[in-house]
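Chemist: Okay, here's the structure, questions in a sec.
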Amino acid sequence: MNFTVSQKKKNYKVNPLEMAQQQLETAAKIIHLDEGILQKLKYPKRTLIVSVPIKMDNGKIRVFRGYRVQHNLDRGPGKGGIRYHPDVDLDEITALAMWMTWKCAVVNIPYGGAKGGVVCDPQKLSEQELERITRRYISEIGLIIGPEKDIPAPDINTNPKTMAWVMDTFSMNVGYSVPGVVTGKPLSLGGSRGRTEATGRGVVYITQKACEFYNIDIEKSSIVIQGFGNVGYNAARIFYELGYKIVAVSDVHGGIYNPDGLNIPEVYSYSQKKGTVVGYKPAKNISNKELLELKCDILIPAAIEGQITQQNAPRIKSKIVVEAANGPTTPQADKILARKGIKVVPDILANAGGVVVSYFEWVQSLQAYFWKEKDVQERLKEVMENAFNEVVEVMKHYKVDMRTAAMILAVSRVAEATKLRGLYP
Ligand code: GLU
């Protein structure tokens with residue numbers, strides 16, 4: 001097959017698609033996956049590349065590049081977020097779409113995997129420009145999205161406001177309101193209670209289960225979180241509300257460290273005012289590099305891919321790594337961490353809370369019947385804990401690490417659906 005992974009970009013230490021494919025191959029080997037099915041799963045089902053021309057505030061036209069990748073749709077419609085970031089490229093979006101396939105399968109919700117993105121720097125765009133980008137991008141990918149086809153959601157630099165534009169644009173194009181086309185919407189447009197904090201809340205549930213499994217006393221643990229966006233912040237806030245100790249957090253500008261624990265609500269209001277956590281007192285400023293290498297019990301990368309690599313893995317000092325971001329640990333780093341006895345709780349399990357509540361939102365939108373926050377939280381907990389228990393069973397059966405077990409469970413579920421459906425025509 002003539003589908004090659006493109007050249008590594010400048011400053012890009014790892015290619016996420018190569019990472020995702022290596023993880024798939026590791027699991028495939030153990031379960032003796034049929035070679036034809038492996039080839040099918042290594043590449044996306046469908047890729048759409050679009051130009052997104054918009055009129056900038058200064059009246060000039062600028063063209064952005066957008067992608068929507070559907071990796072696999074055998075278990076249901078595509079599901080996955082939309083990312084706005086200057087480093088977005090096709091390999092990254094393809095890897096993220098593949099991880100969505102595994103994520104939905106591991107928590108057993110009836111979706112395939114998809115992802116979208118626009119190459120842009122939201123920090124340098126006005127709200128009106130972002131709205132025009134969103135509306136044109138959604139019109140361009142409108143051909144392949146829809147409640148039964150592929151359902152976008154928030155990801156890095158997109159939020160409920162963006163999802164409202166997505167819902168409106170799609171609805172205007174078809175001529176009636178279609179709330180089921182997107183999740184992560186504001187409540188007043190058919191969003192679900194508990195969706196915004198869902199990924200962070202899921203990370204907390206899975207961290208609690210992992211600590212219990214690995215005999216780590218979470219009450220006495222120090223937690224370090226890289227990233228203070230939607231996922232990192234909400235995980236930090238919920239840990240803090242439960243009385244756990246977060247000693248360091250960071251954002252793109254840098255990190256802060258206080259071995260006695262940070263007051264997360266205070267850090268949050270500081271960062272809202274200053275645009276960064278850097279400079280918050282009482283804490284010491286540290287770099288993101290230093291943050292990852294701090295001595296702590298629980299390390300939670302909640303930013304972007306490729307943060308724990310073969311370069312820094314030898315200096316990681318936590319007992320466990322809980323992957324709240326997608327793809328933060330490279331396969332080479334995985335091996336180094338394993339040799340050091342550091343346990344990794346994989347992204348496709350740890351950060352699945354977001355897509356689980358997206359699934360709840362989609363169900364609510366389709367039925368036009370909405371649940372209480374308590375019900376959302378209880379059902380999220382149940383889905384996450386069941387998935388964790390199932391992954392542990394696979395770990396014991398195959399005597400493998402948690403990532404490999406989660407991949408085996410996910411790949412087996414997808415492969416079974418693929419085989420049962422057979423090939424068309
Ligand atoms: N962007 C999130 C993720 O990576 C959520 C996707 C969704 O809710 O569809 O899991």
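Naming works like this for the structure tokens: A, B, ... for the chains as they're shown, residue 1 at the start of each chain, ligands 1 onward in shown order.
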Per DSSP on the backbone, filter region 131-212 of chain A down to the residues in alpha helix (DSSP H) and report them as a VMD selection string.
Modeler: chain A and resid 131 to 141 160 to 174 198 to 212
Chemist: Could you produce a table of the residues of chain A lying within 8 Å of ligand 1, with the nearest pair of atoms per residue and their separation in Å rounded to one decimal, using only C-alpha atoms and all ligand atoms, ordered by chain and increasing residue number, as a tab-separated table?
Modeler:
```
residue	atom	partner	partner_atom_place_in_ligand_line	distance
A:Lys79	CA	ligand 1	9 (O)	4.8
A:Gly80	CA	ligand 1	9 (O)	3.7
A:Gly81	CA	ligand 1	1 (N)	3.9
A:Ile82	CA	ligand 1	1 (N)	6.8
A:Arg83	CA	ligand 1	1 (N)	7.8
A:Leu96	CA	ligand 1	4 (O)	7.3
A:Met100	CA	ligand 1	10 (O)	6.5
A:Lys103	CA	ligand 1	10 (O)	7.5
A:Lys115	CA	ligand 1	1 (N)	7.9
A:Ile151	CA	ligand 1	9 (O)	6.9
A:Pro152	CA	ligand 1	9 (O)	5.8
A:Ala153	CA	ligand 1	9 (O)	4.7
A:Pro154	CA	ligand 1	1 (N)	5.3
A:Asp155	CA	ligand 1	1 (N)	4.0
A:Ile156	CA	ligand 1	1 (N)	7.3
A:Thr183	CA	ligand 1	8 (O)	6.5
A:Gly184	CA	ligand 1	8 (O)	6.9
A:Thr199	CA	ligand 1	10 (O)	7.5
A:Ala325	CA	ligand 1	4 (O)	7.7
A:Asn326	CA	ligand 1	4 (O)	6.5
A:Asn351	CA	ligand 1	10 (O)	6.4
A:Ala352	CA	ligand 1	10 (O)	5.7
A:Gly353	CA	ligand 1	10 (O)	7.6
A:Gly354	CA	ligand 1	5 (C)	4.9
A:Val355	CA	ligand 1	8 (O)	3.5
A:Val356	CA	ligand 1	8 (O)	7.0
A:Val357	CA	ligand 1	8 (O)	7.1
A:Ser358	CA	ligand 1	8 (O)	4.7
A:Tyr359	CA	ligand 1	8 (O)	7.4
```
Chemist: Go ahead and save the residues from that selection, with N, CA and C atoms, as a short mmCIF file (atom, residue, chain, number, x, y, z; two decimals), in the first residue's frame.
Modeler:
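The resulting file, again.cif, is reproduced below:
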```cif
data_model
loop_
_atom_site.label_atom_id
_atom_site.label_comp_id
_atom_site.auth_asym_id
_atom_site.auth_seq_id
_atom_site.Cartn_x
_atom_site.Cartn_y
_atom_site.Cartn_z
N LYS A 79 -16.45 9.27 15.71
CA LYS A 79 -16.55 10.18 16.86
C LYS A 79 -15.16 10.71 17.14
N GLY A 80 -15.08 12.01 17.41
CA GLY A 80 -13.78 12.58 17.75
C GLY A 80 -13.79 14.08 17.61
N GLY A 81 -12.89 14.72 18.32
CA GLY A 81 -12.89 16.16 18.43
C GLY A 81 -12.36 16.90 17.22
N ILE A 82 -12.41 18.22 17.33
CA ILE A 82 -11.83 19.13 16.34
C ILE A 82 -10.78 19.95 17.05
N ARG A 83 -9.57 19.96 16.51
CA ARG A 83 -8.45 20.64 17.14
C ARG A 83 -8.01 21.84 16.30
N LEU A 96 -4.71 10.54 15.83
CA LEU A 96 -5.74 10.86 16.82
C LEU A 96 -7.06 10.15 16.48
N MET A 100 -9.03 7.36 18.68
CA MET A 100 -10.47 7.45 19.01
C MET A 100 -11.16 6.10 18.76
N LYS A 103 -10.28 4.05 21.72
CA LYS A 103 -10.88 4.62 22.94
C LYS A 103 -12.36 4.23 23.04
N LYS A 115 -11.31 12.19 13.73
CA LYS A 115 -10.74 13.41 14.31
C LYS A 115 -10.66 14.47 13.23
N ILE A 151 -19.58 12.39 14.34
CA ILE A 151 -20.04 13.41 15.28
C ILE A 151 -18.85 14.11 15.93
N PRO A 152 -18.52 15.33 15.51
CA PRO A 152 -17.39 16.05 16.12
C PRO A 152 -17.66 16.47 17.57
N ALA A 153 -16.62 16.98 18.21
CA ALA A 153 -16.68 17.38 19.63
C ALA A 153 -15.48 18.31 19.88
N PRO A 154 -15.37 18.87 21.09
CA PRO A 154 -14.22 19.72 21.36
C PRO A 154 -12.91 18.94 21.50
N ASP A 155 -11.83 19.62 21.23
CA ASP A 155 -10.48 19.10 21.50
C ASP A 155 -9.63 20.34 21.81
N ILE A 156 -8.32 20.27 21.59
CA ILE A 156 -7.46 21.39 21.96
C ILE A 156 -7.91 22.68 21.24
N THR A 183 -21.18 17.06 19.77
CA THR A 183 -21.30 17.01 21.24
C THR A 183 -20.35 18.04 21.84
N GLY A 184 -20.56 18.26 23.16
CA GLY A 184 -19.79 19.32 23.81
C GLY A 184 -20.46 20.67 23.59
N THR A 199 -13.80 14.67 30.83
CA THR A 199 -12.50 14.01 30.62
C THR A 199 -11.71 14.04 31.93
N ALA A 325 -3.65 13.19 28.30
CA ALA A 325 -3.54 13.66 26.91
C ALA A 325 -3.62 12.46 25.99
N ASN A 326 -3.74 12.71 24.69
CA ASN A 326 -3.67 11.62 23.72
C ASN A 326 -2.22 11.48 23.28
N ASN A 351 -8.30 8.75 29.44
CA ASN A 351 -8.97 10.01 29.06
C ASN A 351 -10.28 9.79 28.31
N ALA A 352 -10.83 8.58 28.41
CA ALA A 352 -12.06 8.27 27.66
C ALA A 352 -13.32 8.91 28.25
N GLY A 353 -13.21 9.52 29.43
CA GLY A 353 -14.40 10.12 30.08
C GLY A 353 -15.09 11.14 29.19
N GLY A 354 -14.32 11.89 28.41
CA GLY A 354 -14.89 12.93 27.54
C GLY A 354 -15.81 12.32 26.51
N VAL A 355 -15.30 11.30 25.83
CA VAL A 355 -16.12 10.72 24.77
C VAL A 355 -17.28 9.91 25.35
N VAL A 356 -17.12 9.40 26.56
CA VAL A 356 -18.24 8.67 27.18
C VAL A 356 -19.40 9.64 27.43
N VAL A 357 -19.09 10.82 27.98
CA VAL A 357 -20.20 11.76 28.21
C VAL A 357 -20.66 12.38 26.87
N SER A 358 -19.78 12.42 25.88
CA SER A 358 -20.23 12.81 24.53
C SER A 358 -21.29 11.82 24.04
N TYR A 359 -21.03 10.55 24.30
CA TYR A 359 -22.01 9.52 23.91
C TYR A 359 -23.33 9.76 24.64
#
```
Chemist: Give me, as a list in words, all polymer residues having an atom no more than 7 Å from Asp91 (chain A), counting only C-alpha atoms and skipping those fewer than 3 positions away in the same chain.
Modeler: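 Neighbouring residues, sequence-local ones excluded: Val5, Pro16, Leu17, Thr94 and Ala95 of chain A.
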Chemist: Rounded to one decimal place, report the CA of Cys120 (chain A)-CA of Met167 (chain A) distance in Å.
Modeler: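 A separation of 20.9 Å between them.
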Chemist: Would you kindly return, as a ChimeraX atom specification, each protein, DNA or RNA residue with an atom no farther than 9 Å from any atom of Tyr280 (chain A), considering only C-alpha atoms and excluding same-chain residues fewer than 5 positions away?
Modeler: /A:256,266-267,270-271,285
Chemist: Using only C-alpha atoms, I'd like a table of the residues in region 88-168 of chain A that come within 12 Å of region 329-346 of chain A; for each, show the closest atom pair and its distance in Å rounded to one decimal, ordered by chain and ascending number, as JSON lines.
Modeler:
```
{"residue": "A:Trp99", "atom": "CA", "partner": "A:Pro346", "partner_atom": "CA", "distance": 10.7}
{"residue": "A:Trp102", "atom": "CA", "partner": "A:Pro346", "partner_atom": "CA", "distance": 11.0}
{"residue": "A:Lys103", "atom": "CA", "partner": "A:Pro346", "partner_atom": "CA", "distance": 9.9}
{"residue": "A:Val106", "atom": "CA", "partner": "A:Pro346", "partner_atom": "CA", "distance": 10.9}
```
Chemist: Those same residues, written as an mmCIF file, in the first residue's frame with C-alpha atoms?
Modeler:
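For reference, selection14.cif as written:
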```cif
data_model
loop_
_atom_site.group_PDB
_atom_site.id
_atom_site.type_symbol
_atom_site.label_atom_id
_atom_site.label_comp_id
_atom_site.auth_asym_id
_atom_site.auth_seq_id
_atom_site.Cartn_x
_atom_site.Cartn_y
_atom_site.Cartn_z
ATOM 1 C CA TRP A 99 -6.769 6.457 19.009
ATOM 2 C CA TRP A 102 -9.554 2.250 20.262
ATOM 3 C CA LYS A 103 -10.877 4.615 22.941
ATOM 4 C CA VAL A 106 -12.177 0.021 25.072
#
```
Chemist: If you run DSSP over the backbone, which residues in region 204-351 of chain A end up strand (DSSP E or B)? Put them as JSON, numbers by chain.
Modeler: {"A": [222, 223, 224, 225, 226, 245, 246, 247, 248, 249, 250, 251, 254, 255, 256, 257, 284, 285, 286, 298, 299, 300, 301, 308, 320, 321, 322, 329, 343, 344, 345]}
Chemist: Listing only residues of region 66-126 of chain A within 10 Å of region 33-52 of chain A, what is the closest atom pair and its distance in Å (to one decimal) for each, using only C-alpha atoms, sorted by chain and residue number ascending, as JSON lines?
Modeler:
```
{"residue": "A:Gly66", "atom": "CA", "partner": "A:Val50", "partner_atom": "CA", "distance": 5.1}
{"residue": "A:Tyr67", "atom": "CA", "partner": "A:Ile49", "partner_atom": "CA", "distance": 4.7}
{"residue": "A:Arg68", "atom": "CA", "partner": "A:Leu48", "partner_atom": "CA", "distance": 5.2}
{"residue": "A:Val69", "atom": "CA", "partner": "A:Thr47", "partner_atom": "CA", "distance": 4.5}
{"residue": "A:Gln70", "atom": "CA", "partner": "A:Arg46", "partner_atom": "CA", "distance": 5.2}
{"residue": "A:His71", "atom": "CA", "partner": "A:Pro44", "partner_atom": "CA", "distance": 3.9}
{"residue": "A:Asn72", "atom": "CA", "partner": "A:Lys45", "partner_atom": "CA", "distance": 5.7}
{"residue": "A:Leu73", "atom": "CA", "partner": "A:Lys45", "partner_atom": "CA", "distance": 7.7}
{"residue": "A:Asp74", "atom": "CA", "partner": "A:Lys45", "partner_atom": "CA", "distance": 9.9}
{"residue": "A:Leu90", "atom": "CA", "partner": "A:Ile49", "partner_atom": "CA", "distance": 8.5}
{"residue": "A:Ile93", "atom": "CA", "partner": "A:Thr47", "partner_atom": "CA", "distance": 9.7}
{"residue": "A:Thr94", "atom": "CA", "partner": "A:Pro44", "partner_atom": "CA", "distance": 6.8}
{"residue": "A:Ala95", "atom": "CA", "partner": "A:Pro44", "partner_atom": "CA", "distance": 9.0}
{"residue": "A:Ala97", "atom": "CA", "partner": "A:Pro44", "partner_atom": "CA", "distance": 8.0}
{"residue": "A:Met98", "atom": "CA", "partner": "A:Pro44", "partner_atom": "CA", "distance": 7.4}
{"residue": "A:Thr101", "atom": "CA", "partner": "A:Leu41", "partner_atom": "CA", "distance": 9.6}
{"residue": "A:Gly113", "atom": "CA", "partner": "A:Pro44", "partner_atom": "CA", "distance": 9.3}
{"residue": "A:Ala114", "atom": "CA", "partner": "A:Pro44", "partner_atom": "CA", "distance": 8.9}
{"residue": "A:Lys115", "atom": "CA", "partner": "A:Thr47", "partner_atom": "CA", "distance": 9.8}
{"residue": "A:Gly116", "atom": "CA", "partner": "A:Leu48", "partner_atom": "CA", "distance": 9.2}
{"residue": "A:Gly117", "atom": "CA", "partner": "A:Ile49", "partner_atom": "CA", "distance": 9.8}
{"residue": "A:Val118", "atom": "CA", "partner": "A:Val52", "partner_atom": "CA", "distance": 8.5}
{"residue": "A:Val119", "atom": "CA", "partner": "A:Val52", "partner_atom": "CA", "distance": 9.8}
```
Chemist: Do you know which residues are at most 9 Å from region 209-219 of chain A counting only C-alpha atoms, after dropping those on the same chain fewer than 3 positions away, and could you put them as a list in words?
Modeler: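 In the requested form, the answer reads Val204, Tyr205, Ile206, Ser222, Ile223, Gly243, Tyr244, Lys245, Asp297, Ile298, Lys319, Ile320, Val322, Lys343, Val345, Glu385, Phe388, Asn389 and Val392 of chain A.
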Chemist: Choose the residue, out of A:Ile109, A:Val182, A:Leu366, A:Val63, that has the smallest atom-to-atom separation from Gly76 (chain A); count only C-alpha atoms.
Modeler: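 Looking at the shortest contact to Gly76 (chain A), the residue is A:Ile109.
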Chemist: For Thr134 (chain A), which residue among A:Pro53, A:Gly422, A:Pro259, A:Gly200 is the nearest when counting only C-alpha atoms?
Modeler: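 Nearest to Thr134 (chain A): A:Pro53.
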Chemist: Excluding same-chain residues fewer than 3 positions from Met163 (chain A), what lies within 6 Å of it counting only C-alpha atoms, as an mmCIF file with all heavy atoms, in the first residue's frame?
Modeler:
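Resulting contents of result11.cif:
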```
data_model
loop_
_atom_site.group_PDB
_atom_site.id
_atom_site.type_symbol
_atom_site.label_atom_id
_atom_site.label_comp_id
_atom_site.auth_asym_id
_atom_site.auth_seq_id
_atom_site.Cartn_x
_atom_site.Cartn_y
_atom_site.Cartn_z
ATOM 1 N N PRO A 160 -17.329 24.738 24.031
ATOM 2 C CA PRO A 160 -18.779 24.707 23.752
ATOM 3 C C PRO A 160 -19.237 25.793 22.769
ATOM 4 O O PRO A 160 -20.127 25.555 21.943
ATOM 5 C CB PRO A 160 -19.403 24.918 25.145
ATOM 6 C CG PRO A 160 -18.390 24.343 26.088
ATOM 7 C CD PRO A 160 -17.056 24.679 25.488
ATOM 8 N N VAL A 166 -20.744 24.966 15.215
ATOM 9 C CA VAL A 166 -20.789 23.732 14.416
ATOM 10 C C VAL A 166 -22.248 23.307 14.225
ATOM 11 O O VAL A 166 -22.699 23.041 13.113
ATOM 12 C CB VAL A 166 -19.998 22.588 15.114
ATOM 13 C CG1 VAL A 166 -20.207 21.256 14.390
ATOM 14 C CG2 VAL A 166 -18.502 22.925 15.202
ATOM 15 N N LYS A 185 -21.773 20.634 23.275
ATOM 16 C CA LYS A 185 -22.535 21.864 23.023
ATOM 17 C C LYS A 185 -22.870 22.541 24.347
ATOM 18 O O LYS A 185 -22.921 21.885 25.393
ATOM 19 C CB LYS A 185 -23.875 21.525 22.324
ATOM 20 C CG LYS A 185 -23.759 20.840 20.986
ATOM 21 C CD LYS A 185 -25.127 20.555 20.386
ATOM 22 C CE LYS A 185 -25.961 19.527 21.121
ATOM 23 N NZ LYS A 185 -25.449 18.171 21.110
#
```
Chemist: Quick one: everything within 9 Å of Ile304 (chain A), counting only C-alpha atoms, minus sequence neighbours fewer than 2 positions away in the same chain. Send it as a PyMOL selection string.
Modeler: chain A and resi 156+227+301-302+306-307+325-328
Chemist: Please produce a file of the residues just selected, as a PDB file, in the first residue's frame, where the atoms kept are N, CA, C and O atoms.
Modeler:
```pdb
ATOM      1  N   ILE A 156      -8.321  20.266  21.586  1.00  0.00           N
ATOM      2  CA  ILE A 156      -7.464  21.391  21.956  1.00  0.00           C
ATOM      3  C   ILE A 156      -7.908  22.677  21.243  1.00  0.00           C
ATOM      4  O   ILE A 156      -8.114  22.691  20.022  1.00  0.00           O
ATOM      5  N   GLY A 227      -0.237  20.616  31.931  1.00  0.00           N
ATOM      6  CA  GLY A 227      -1.392  21.102  31.155  1.00  0.00           C
ATOM      7  C   GLY A 227      -2.462  21.610  32.105  1.00  0.00           C
ATOM      8  O   GLY A 227      -2.804  20.948  33.090  1.00  0.00           O
ATOM      9  N   PRO A 301       0.326  13.621  32.379  1.00  0.00           N
ATOM     10  CA  PRO A 301       0.479  14.490  31.206  1.00  0.00           C
ATOM     11  C   PRO A 301      -0.909  14.778  30.637  1.00  0.00           C
ATOM     12  O   PRO A 301      -1.626  13.849  30.277  1.00  0.00           O
ATOM     13  N   ALA A 302      -1.287  16.055  30.585  1.00  0.00           N
ATOM     14  CA  ALA A 302      -2.633  16.429  30.106  1.00  0.00           C
ATOM     15  C   ALA A 302      -2.507  17.527  29.055  1.00  0.00           C
ATOM     16  O   ALA A 302      -3.321  18.442  29.009  1.00  0.00           O
ATOM     17  N   GLY A 306       3.623  13.180  22.507  1.00  0.00           N
ATOM     18  CA  GLY A 306       5.084  13.129  22.466  1.00  0.00           C
ATOM     19  C   GLY A 306       5.799  13.894  23.568  1.00  0.00           C
ATOM     20  O   GLY A 306       6.847  14.501  23.320  1.00  0.00           O
ATOM     21  N   GLN A 307       5.294  13.873  24.786  1.00  0.00           N
ATOM     22  CA  GLN A 307       5.941  14.599  25.889  1.00  0.00           C
ATOM     23  C   GLN A 307       6.935  13.738  26.660  1.00  0.00           C
ATOM     24  O   GLN A 307       7.932  14.228  27.156  1.00  0.00           O
ATOM     25  N   ALA A 325      -3.646  13.190  28.302  1.00  0.00           N
ATOM     26  CA  ALA A 325      -3.541  13.663  26.913  1.00  0.00           C
ATOM     27  C   ALA A 325      -3.619  12.457  25.991  1.00  0.00           C
ATOM     28  O   ALA A 325      -3.545  11.319  26.448  1.00  0.00           O
ATOM     29  N   ASN A 326      -3.744  12.707  24.693  1.00  0.00           N
ATOM     30  CA  ASN A 326      -3.668  11.624  23.718  1.00  0.00           C
ATOM     31  C   ASN A 326      -2.218  11.475  23.282  1.00  0.00           C
ATOM     32  O   ASN A 326      -1.590  12.450  22.876  1.00  0.00           O
ATOM     33  N   GLY A 327      -1.692  10.269  23.379  1.00  0.00           N
ATOM     34  CA  GLY A 327      -0.348   9.977  22.870  1.00  0.00           C
ATOM     35  C   GLY A 327       0.812  10.699  23.534  1.00  0.00           C
ATOM     36  O   GLY A 327       1.778  11.047  22.848  1.00  0.00           O
ATOM     37  N   PRO A 328       0.785  10.933  24.858  1.00  0.00           N
ATOM     38  CA  PRO A 328       1.905  11.677  25.465  1.00  0.00           C
ATOM     39  C   PRO A 328       3.199  10.867  25.596  1.00  0.00           C
ATOM     40  O   PRO A 328       4.262  11.459  25.737  1.00  0.00           O
TER      41      PRO A 328
END
```
Chemist: Please compute the CA of Cys296 (chain A)-CA of Ser318 (chain A) distance, one decimal, in Å.
Modeler: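 Between CA of Cys296 (chain A) and CA of Ser318 (chain A) the gap works out to 4.9 Å.
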Chemist: So how many Å separate CA of Gly146 (chain A) and CA of Ser171 (chain A), to one decimal?
Modeler: 10.0 Å
